[in-house]
file data22.txt (compact mmCIF, N, CA and C atoms)
# COMPACT_ATOMS: atom_id res chain seq x y z
N MET A 1 -139.38 -221.79 154.94
CA MET A 1 -138.17 -221.02 155.11
C MET A 1 -137.90 -220.27 153.82
N GLY A 2 -137.51 -218.97 153.93
CA GLY A 2 -137.26 -218.15 152.75
C GLY A 2 -135.93 -218.48 152.08
N ARG A 3 -135.85 -218.15 150.83
CA ARG A 3 -134.61 -218.40 150.09
C ARG A 3 -133.65 -217.23 150.25
N LEU A 4 -132.40 -217.54 150.27
CA LEU A 4 -131.35 -216.53 150.34
C LEU A 4 -131.14 -215.97 148.93
N LYS A 5 -131.38 -214.68 148.75
CA LYS A 5 -131.27 -214.09 147.42
C LYS A 5 -129.85 -213.64 147.11
N ALA A 6 -129.13 -213.15 148.08
CA ALA A 6 -127.75 -212.71 147.86
C ALA A 6 -126.99 -212.81 149.18
N MET A 7 -125.72 -213.04 149.07
CA MET A 7 -124.89 -213.10 150.27
C MET A 7 -124.74 -211.69 150.85
N PRO A 8 -124.87 -211.56 152.15
CA PRO A 8 -124.68 -210.24 152.74
C PRO A 8 -123.21 -209.82 152.66
N ARG A 9 -122.99 -208.52 152.51
CA ARG A 9 -121.62 -208.00 152.47
C ARG A 9 -121.04 -208.01 153.87
N ARG A 10 -119.88 -208.59 153.99
CA ARG A 10 -119.22 -208.62 155.29
C ARG A 10 -117.94 -207.81 155.29
N LEU A 11 -117.41 -207.57 154.11
CA LEU A 11 -116.17 -206.83 154.00
C LEU A 11 -116.38 -205.59 153.15
N ALA A 12 -115.72 -204.53 153.53
CA ALA A 12 -115.76 -203.31 152.72
C ALA A 12 -114.86 -203.52 151.50
N PRO A 13 -115.11 -202.81 150.43
CA PRO A 13 -114.23 -202.94 149.27
C PRO A 13 -112.78 -202.60 149.64
N ALA A 14 -111.87 -203.29 149.04
CA ALA A 14 -110.45 -203.06 149.32
C ALA A 14 -110.03 -201.68 148.86
N GLU A 15 -109.12 -201.05 149.63
CA GLU A 15 -108.59 -199.75 149.23
C GLU A 15 -107.66 -199.91 148.05
N ARG A 16 -107.58 -198.86 147.27
CA ARG A 16 -106.67 -198.86 146.12
C ARG A 16 -105.23 -198.82 146.62
N LYS A 17 -104.41 -199.74 146.21
CA LYS A 17 -103.04 -199.84 146.69
C LYS A 17 -102.03 -199.24 145.73
N LEU A 18 -102.38 -199.16 144.47
CA LEU A 18 -101.44 -198.68 143.48
C LEU A 18 -101.54 -197.17 143.37
N GLY A 19 -100.40 -196.52 143.12
CA GLY A 19 -100.39 -195.08 142.90
C GLY A 19 -100.64 -194.78 141.44
N ALA A 20 -100.13 -193.65 141.02
CA ALA A 20 -100.30 -193.23 139.64
C ALA A 20 -99.50 -194.14 138.70
N ALA A 21 -99.98 -194.28 137.50
CA ALA A 21 -99.27 -195.07 136.50
C ALA A 21 -97.96 -194.39 136.16
N SER A 22 -96.92 -195.19 135.93
CA SER A 22 -95.64 -194.60 135.60
C SER A 22 -95.76 -193.80 134.31
N GLY A 23 -95.13 -192.64 134.31
CA GLY A 23 -95.18 -191.78 133.14
C GLY A 23 -96.34 -190.79 133.16
N ASP A 24 -97.27 -190.94 134.08
CA ASP A 24 -98.41 -190.03 134.17
C ASP A 24 -98.06 -188.93 135.17
N ARG A 25 -97.40 -187.89 134.71
CA ARG A 25 -96.87 -186.82 135.56
C ARG A 25 -97.98 -186.09 136.34
N LYS A 26 -99.08 -185.80 135.67
CA LYS A 26 -100.16 -185.07 136.34
C LYS A 26 -100.77 -185.90 137.46
N ALA A 27 -100.96 -187.18 137.22
CA ALA A 27 -101.51 -188.06 138.25
C ALA A 27 -100.54 -188.18 139.42
N LEU A 28 -99.25 -188.26 139.13
CA LEU A 28 -98.24 -188.33 140.18
C LEU A 28 -98.27 -187.05 141.02
N ASP A 29 -98.39 -185.90 140.37
CA ASP A 29 -98.47 -184.64 141.10
C ASP A 29 -99.71 -184.58 141.99
N ARG A 30 -100.83 -185.11 141.51
CA ARG A 30 -102.05 -185.14 142.33
C ARG A 30 -101.86 -186.02 143.56
N GLU A 31 -101.23 -187.16 143.38
CA GLU A 31 -100.97 -188.06 144.52
C GLU A 31 -100.06 -187.38 145.54
N ARG A 32 -99.01 -186.70 145.05
CA ARG A 32 -98.09 -186.00 145.96
C ARG A 32 -98.81 -184.89 146.72
N ALA A 33 -99.70 -184.18 146.04
CA ALA A 33 -100.43 -183.07 146.66
C ALA A 33 -101.28 -183.55 147.82
N LYS A 34 -101.79 -184.78 147.74
CA LYS A 34 -102.59 -185.33 148.83
C LYS A 34 -101.73 -185.57 150.06
N VAL A 35 -100.52 -186.08 149.83
CA VAL A 35 -99.62 -186.43 150.91
C VAL A 35 -98.87 -185.21 151.44
N LYS A 36 -98.53 -184.29 150.54
CA LYS A 36 -97.75 -183.10 150.90
C LYS A 36 -98.45 -181.84 150.39
N PRO A 37 -99.41 -181.34 151.13
CA PRO A 37 -100.18 -180.19 150.65
C PRO A 37 -99.36 -178.93 150.45
N TRP A 38 -98.22 -178.82 151.12
CA TRP A 38 -97.36 -177.65 150.95
C TRP A 38 -96.78 -177.56 149.54
N ARG A 39 -96.85 -178.62 148.75
CA ARG A 39 -96.31 -178.56 147.38
C ARG A 39 -97.02 -177.49 146.54
N SER A 40 -98.24 -177.13 146.93
CA SER A 40 -98.96 -176.09 146.19
C SER A 40 -98.29 -174.72 146.35
N TRP A 41 -97.46 -174.55 147.37
CA TRP A 41 -96.76 -173.28 147.56
C TRP A 41 -95.85 -172.96 146.38
N TYR A 42 -95.35 -174.00 145.70
CA TYR A 42 -94.46 -173.78 144.55
C TYR A 42 -95.16 -173.09 143.39
N GLY A 43 -96.48 -173.09 143.37
CA GLY A 43 -97.21 -172.45 142.28
C GLY A 43 -97.61 -171.01 142.59
N LEU A 44 -97.32 -170.54 143.80
CA LEU A 44 -97.74 -169.20 144.20
C LEU A 44 -96.83 -168.12 143.61
N LYS A 45 -97.41 -166.94 143.39
CA LYS A 45 -96.64 -165.79 142.90
C LYS A 45 -95.52 -165.46 143.89
N ARG A 46 -95.80 -165.60 145.17
CA ARG A 46 -94.79 -165.32 146.20
C ARG A 46 -93.54 -166.18 145.97
N TRP A 47 -93.72 -167.45 145.61
CA TRP A 47 -92.58 -168.33 145.35
C TRP A 47 -91.84 -167.89 144.09
N LYS A 48 -92.57 -167.55 143.06
CA LYS A 48 -91.94 -167.13 141.81
C LYS A 48 -91.13 -165.85 142.01
N ASP A 49 -91.65 -164.93 142.82
CA ASP A 49 -90.91 -163.70 143.12
C ASP A 49 -89.65 -164.02 143.93
N LEU A 50 -89.77 -164.94 144.88
CA LEU A 50 -88.62 -165.33 145.70
C LEU A 50 -87.55 -166.02 144.86
N GLN A 51 -87.97 -166.81 143.88
CA GLN A 51 -87.01 -167.45 142.97
C GLN A 51 -86.16 -166.39 142.26
N LYS A 52 -86.82 -165.35 141.77
CA LYS A 52 -86.10 -164.28 141.07
C LYS A 52 -85.08 -163.60 141.97
N VAL A 53 -85.45 -163.37 143.22
CA VAL A 53 -84.54 -162.74 144.18
C VAL A 53 -83.31 -163.63 144.38
N VAL A 54 -83.52 -164.93 144.56
CA VAL A 54 -82.41 -165.86 144.82
C VAL A 54 -81.52 -165.97 143.59
N LEU A 55 -82.11 -166.05 142.40
CA LEU A 55 -81.31 -166.12 141.16
C LEU A 55 -80.46 -164.87 140.98
N LYS A 56 -81.05 -163.72 141.22
CA LYS A 56 -80.32 -162.46 141.08
C LYS A 56 -79.18 -162.40 142.09
N ARG A 57 -79.47 -162.79 143.34
CA ARG A 57 -78.45 -162.80 144.39
C ARG A 57 -77.26 -163.69 144.01
N ALA A 58 -77.56 -164.83 143.36
CA ALA A 58 -76.50 -165.77 142.97
C ALA A 58 -75.82 -165.37 141.66
N GLY A 59 -76.30 -164.32 141.04
CA GLY A 59 -75.70 -163.90 139.77
C GLY A 59 -75.95 -164.90 138.66
N TYR A 60 -77.07 -165.61 138.72
CA TYR A 60 -77.45 -166.63 137.72
C TYR A 60 -76.32 -167.65 137.52
N THR A 61 -75.71 -168.03 138.65
CA THR A 61 -74.63 -169.03 138.65
C THR A 61 -74.94 -170.06 139.73
N CYS A 62 -74.69 -171.33 139.42
CA CYS A 62 -74.92 -172.40 140.40
C CYS A 62 -74.03 -172.18 141.61
N GLU A 63 -74.64 -172.15 142.78
CA GLU A 63 -73.89 -171.91 144.00
C GLU A 63 -73.10 -173.14 144.47
N GLN A 64 -73.28 -174.28 143.82
CA GLN A 64 -72.54 -175.49 144.17
C GLN A 64 -71.44 -175.80 143.16
N THR A 65 -71.69 -175.51 141.89
CA THR A 65 -70.73 -175.92 140.85
C THR A 65 -70.12 -174.76 140.08
N GLY A 66 -70.72 -173.57 140.18
CA GLY A 66 -70.22 -172.42 139.43
C GLY A 66 -70.67 -172.38 137.98
N VAL A 67 -71.51 -173.29 137.56
CA VAL A 67 -72.01 -173.36 136.19
C VAL A 67 -73.04 -172.25 135.97
N PRO A 68 -72.96 -171.53 134.85
CA PRO A 68 -73.99 -170.52 134.57
C PRO A 68 -75.37 -171.17 134.41
N LEU A 69 -76.37 -170.54 134.99
CA LEU A 69 -77.75 -171.06 134.94
C LEU A 69 -78.45 -170.45 133.74
N ILE A 70 -78.19 -171.05 132.56
CA ILE A 70 -78.69 -170.47 131.31
C ILE A 70 -79.64 -171.40 130.56
N GLY A 71 -79.82 -172.63 131.03
CA GLY A 71 -80.65 -173.60 130.32
C GLY A 71 -82.13 -173.32 130.46
N LYS A 72 -82.88 -173.86 129.52
CA LYS A 72 -84.33 -173.79 129.60
C LYS A 72 -84.83 -174.88 130.54
N SER A 73 -86.06 -174.74 130.99
CA SER A 73 -86.64 -175.67 131.95
C SER A 73 -86.41 -177.12 131.54
N GLY A 74 -85.88 -177.90 132.47
CA GLY A 74 -85.65 -179.32 132.22
C GLY A 74 -84.25 -179.65 131.73
N GLU A 75 -83.50 -178.65 131.26
CA GLU A 75 -82.13 -178.90 130.79
C GLU A 75 -81.19 -178.98 131.99
N ALA A 76 -80.03 -179.62 131.79
CA ALA A 76 -79.08 -179.84 132.88
C ALA A 76 -78.61 -178.54 133.53
N ASP A 77 -78.44 -177.49 132.74
CA ASP A 77 -77.95 -176.22 133.29
C ASP A 77 -79.07 -175.21 133.55
N SER A 78 -80.30 -175.70 133.65
CA SER A 78 -81.42 -174.82 133.99
C SER A 78 -81.42 -174.56 135.49
N PRO A 79 -81.92 -173.39 135.91
CA PRO A 79 -81.89 -173.06 137.34
C PRO A 79 -82.96 -173.79 138.14
N VAL A 80 -82.57 -174.20 139.34
CA VAL A 80 -83.47 -174.78 140.33
C VAL A 80 -83.19 -174.05 141.63
N ILE A 81 -84.24 -173.61 142.30
CA ILE A 81 -84.07 -172.99 143.61
C ILE A 81 -84.25 -174.10 144.65
N ASP A 82 -83.18 -174.35 145.38
CA ASP A 82 -83.11 -175.49 146.29
C ASP A 82 -83.17 -175.02 147.74
N HIS A 83 -83.91 -175.77 148.56
CA HIS A 83 -83.91 -175.53 150.00
C HIS A 83 -82.67 -176.21 150.58
N ILE A 84 -81.82 -175.46 151.23
CA ILE A 84 -80.58 -175.99 151.80
C ILE A 84 -80.93 -177.01 152.89
N LEU A 85 -81.77 -176.59 153.83
CA LEU A 85 -82.30 -177.52 154.84
C LEU A 85 -83.70 -177.92 154.41
N GLU A 86 -84.00 -179.21 154.46
CA GLU A 86 -85.34 -179.67 154.09
C GLU A 86 -86.36 -178.98 154.97
N HIS A 87 -87.42 -178.44 154.36
CA HIS A 87 -88.43 -177.73 155.14
C HIS A 87 -89.53 -178.65 155.66
N LYS A 88 -89.84 -179.73 154.96
CA LYS A 88 -90.86 -180.71 155.35
C LYS A 88 -92.17 -180.04 155.75
N GLY A 89 -92.54 -178.99 155.02
CA GLY A 89 -93.81 -178.31 155.26
C GLY A 89 -93.74 -177.18 156.26
N ASP A 90 -92.58 -176.91 156.84
CA ASP A 90 -92.42 -175.80 157.78
C ASP A 90 -92.39 -174.49 156.99
N PRO A 91 -93.41 -173.62 157.14
CA PRO A 91 -93.46 -172.40 156.33
C PRO A 91 -92.29 -171.47 156.58
N ASP A 92 -91.78 -171.42 157.81
CA ASP A 92 -90.64 -170.54 158.10
C ASP A 92 -89.41 -170.95 157.29
N LEU A 93 -89.13 -172.25 157.24
CA LEU A 93 -87.99 -172.73 156.45
C LEU A 93 -88.25 -172.61 154.95
N PHE A 94 -89.49 -172.86 154.55
CA PHE A 94 -89.83 -172.81 153.13
C PHE A 94 -89.60 -171.42 152.55
N TRP A 95 -90.05 -170.39 153.24
CA TRP A 95 -90.02 -169.03 152.72
C TRP A 95 -88.76 -168.26 153.10
N ASP A 96 -87.86 -168.83 153.86
CA ASP A 96 -86.64 -168.15 154.30
C ASP A 96 -85.64 -168.03 153.15
N PRO A 97 -85.34 -166.81 152.68
CA PRO A 97 -84.40 -166.65 151.56
C PRO A 97 -83.00 -167.16 151.90
N ASP A 98 -82.64 -167.14 153.20
CA ASP A 98 -81.32 -167.63 153.59
C ASP A 98 -81.23 -169.15 153.55
N ASN A 99 -82.36 -169.82 153.41
CA ASN A 99 -82.39 -171.27 153.29
C ASN A 99 -82.50 -171.71 151.82
N LEU A 100 -82.33 -170.78 150.92
CA LEU A 100 -82.46 -171.09 149.49
C LEU A 100 -81.15 -170.85 148.75
N GLN A 101 -80.90 -171.68 147.76
CA GLN A 101 -79.73 -171.51 146.91
C GLN A 101 -80.12 -171.80 145.47
N ALA A 102 -79.44 -171.14 144.56
CA ALA A 102 -79.65 -171.37 143.13
C ALA A 102 -78.66 -172.43 142.68
N VAL A 103 -79.16 -173.50 142.08
CA VAL A 103 -78.31 -174.60 141.62
C VAL A 103 -78.77 -175.07 140.24
N THR A 104 -77.95 -175.87 139.58
CA THR A 104 -78.36 -176.45 138.30
C THR A 104 -79.30 -177.62 138.56
N LYS A 105 -80.13 -177.89 137.57
CA LYS A 105 -81.02 -179.05 137.66
C LYS A 105 -80.20 -180.33 137.78
N ALA A 106 -79.08 -180.39 137.06
CA ALA A 106 -78.23 -181.59 137.11
C ALA A 106 -77.72 -181.84 138.53
N TRP A 107 -77.23 -180.80 139.20
CA TRP A 107 -76.71 -180.96 140.56
C TRP A 107 -77.85 -181.33 141.51
N HIS A 108 -78.97 -180.62 141.39
CA HIS A 108 -80.12 -180.86 142.27
C HIS A 108 -80.65 -182.28 142.14
N ASP A 109 -80.74 -182.77 140.91
CA ASP A 109 -81.34 -184.08 140.67
C ASP A 109 -80.38 -185.24 140.94
N SER A 110 -79.09 -184.95 141.12
CA SER A 110 -78.14 -186.03 141.38
C SER A 110 -77.54 -185.89 142.78
N GLU A 111 -76.61 -184.97 142.95
CA GLU A 111 -75.88 -184.84 144.20
C GLU A 111 -76.79 -184.51 145.39
N LYS A 112 -77.67 -183.55 145.23
CA LYS A 112 -78.56 -183.15 146.32
C LYS A 112 -79.46 -184.32 146.74
N GLN A 113 -80.02 -185.03 145.76
CA GLN A 113 -80.89 -186.16 146.08
C GLN A 113 -80.10 -187.27 146.77
N ARG A 114 -78.87 -187.49 146.36
CA ARG A 114 -78.02 -188.51 146.99
C ARG A 114 -77.78 -188.13 148.46
N GLU A 115 -77.51 -186.85 148.72
CA GLU A 115 -77.29 -186.38 150.09
C GLU A 115 -78.56 -186.59 150.94
N GLU A 116 -79.71 -186.24 150.39
CA GLU A 116 -80.95 -186.37 151.14
C GLU A 116 -81.29 -187.83 151.45
N ARG A 117 -81.03 -188.71 150.48
CA ARG A 117 -81.28 -190.14 150.72
C ARG A 117 -80.34 -190.68 151.80
N ALA A 118 -79.10 -190.17 151.82
CA ALA A 118 -78.14 -190.64 152.81
C ALA A 118 -78.54 -190.21 154.22
N ARG A 119 -79.19 -189.05 154.35
CA ARG A 119 -79.65 -188.56 155.65
C ARG A 119 -80.90 -189.27 156.13
N ALA A 120 -81.67 -189.83 155.22
CA ALA A 120 -82.96 -190.45 155.60
C ALA A 120 -82.78 -191.78 156.28

call {"tool": "encode", "arguments": {"input": "data22.txt", "output": "structure tokens"}}
result
Amino acid sequence: MGRLKAMPRRLAPAERKLGAASGDRKALDRERAKVKPWRSWYGLKRWKDLQKVVLKRAGYTCEQTGVPLIGKSGEADSPVIDHILEHKGDPDLFWDPDNLQAVTKAWHDSEKQREERARA
């Protein structure tokens, strides 16, 4: 009788369960892009041009708080173009200028997120 040299594989390797490491922004963005491919639309020239239209229409003022949108990227009073109704990948809602508003980063990251979590 022959000797058993190695155990046969019966199970496939386990799938990776952990996401990106905390603090690794680029890795987090890559993970999101896999789940939500429409996120790449935010990098298009068409989106950047639409942002300018919405900011100009709002007079560079937050449409929710009235705060001037004068901050640099990442600051509380920096401009964020917000989708009024969540688009969830629907191109018609994503690109609709009437579904967009200019708001401060502070409002978008606090009040708007609280509203969206309450609806979920």

call {"tool": "closest_residue", "arguments": {"input": "data22.txt", "among": "A:Leu44, A:Leu28, A:Ala33, A:Leu50", "to": "Trp95 (chain A)", "atoms": "all atoms listed in the file"}}
result
A:Leu50

call {"tool": "residues_around", "arguments": {"input": "data22.txt", "residues": "Leu69 (chain A)", "least_positions_apart": "6", "cutoff": "6.5 Å", "atoms": "all atoms listed in the file", "output": "list of chain:residue names"}}
result
A:Tyr60, A:Thr61, A:Cys62, A:Asp77, A:Ser78, A:Pro79, A:Thr104

call {"tool": "atom_distance", "arguments": {"input": "data22.txt", "atom1": "atom C of His83 (chain A)", "atom2": "atom N of Asp49 (chain A)"}}
result
16.4 Å

call {"tool": "atom_distance", "arguments": {"input": "data22.txt", "atom1": "CA of Gln64 (chain A)", "atom2": "atom C of His108 (chain A)"}}
result
10.8 Å

call {"tool": "closest_residue", "arguments": {"input": "data22.txt", "among": "A:Ser40, A:Gln101, A:Glu111, A:Arg9", "to": "Leu85 (chain A)", "atoms": "all atoms listed in the file"}}
result
A:Gln101

call {"tool": "atom_distance", "arguments": {"input": "data22.txt", "atom1": "CA of Trp41 (chain A)", "atom2": "CA of Leu100 (chain A)"}}
result
14.6 Å

call {"tool": "closest_residue", "arguments": {"input": "data22.txt", "among": "A:Arg30, A:Asp109, A:Arg114, A:Val103", "to": "Gly71 (chain A)", "atoms": "only C-alpha atoms"}}
result
A:Val103

call {"tool": "closest_residue", "arguments": {"input": "data22.txt", "among": "A:Ile81, A:Asp92, A:Pro97, A:Asp24", "to": "Lys112 (chain A)", "atoms": "only C-alpha atoms"}}
result
A:Ile81

call {"tool": "closest_residue", "arguments": {"input": "data22.txt", "among": "A:Lys105, A:Lys48, A:Arg57, A:Arg10", "to": "Ala76 (chain A)", "atoms": "all atoms listed in the file"}}
result
A:Lys105
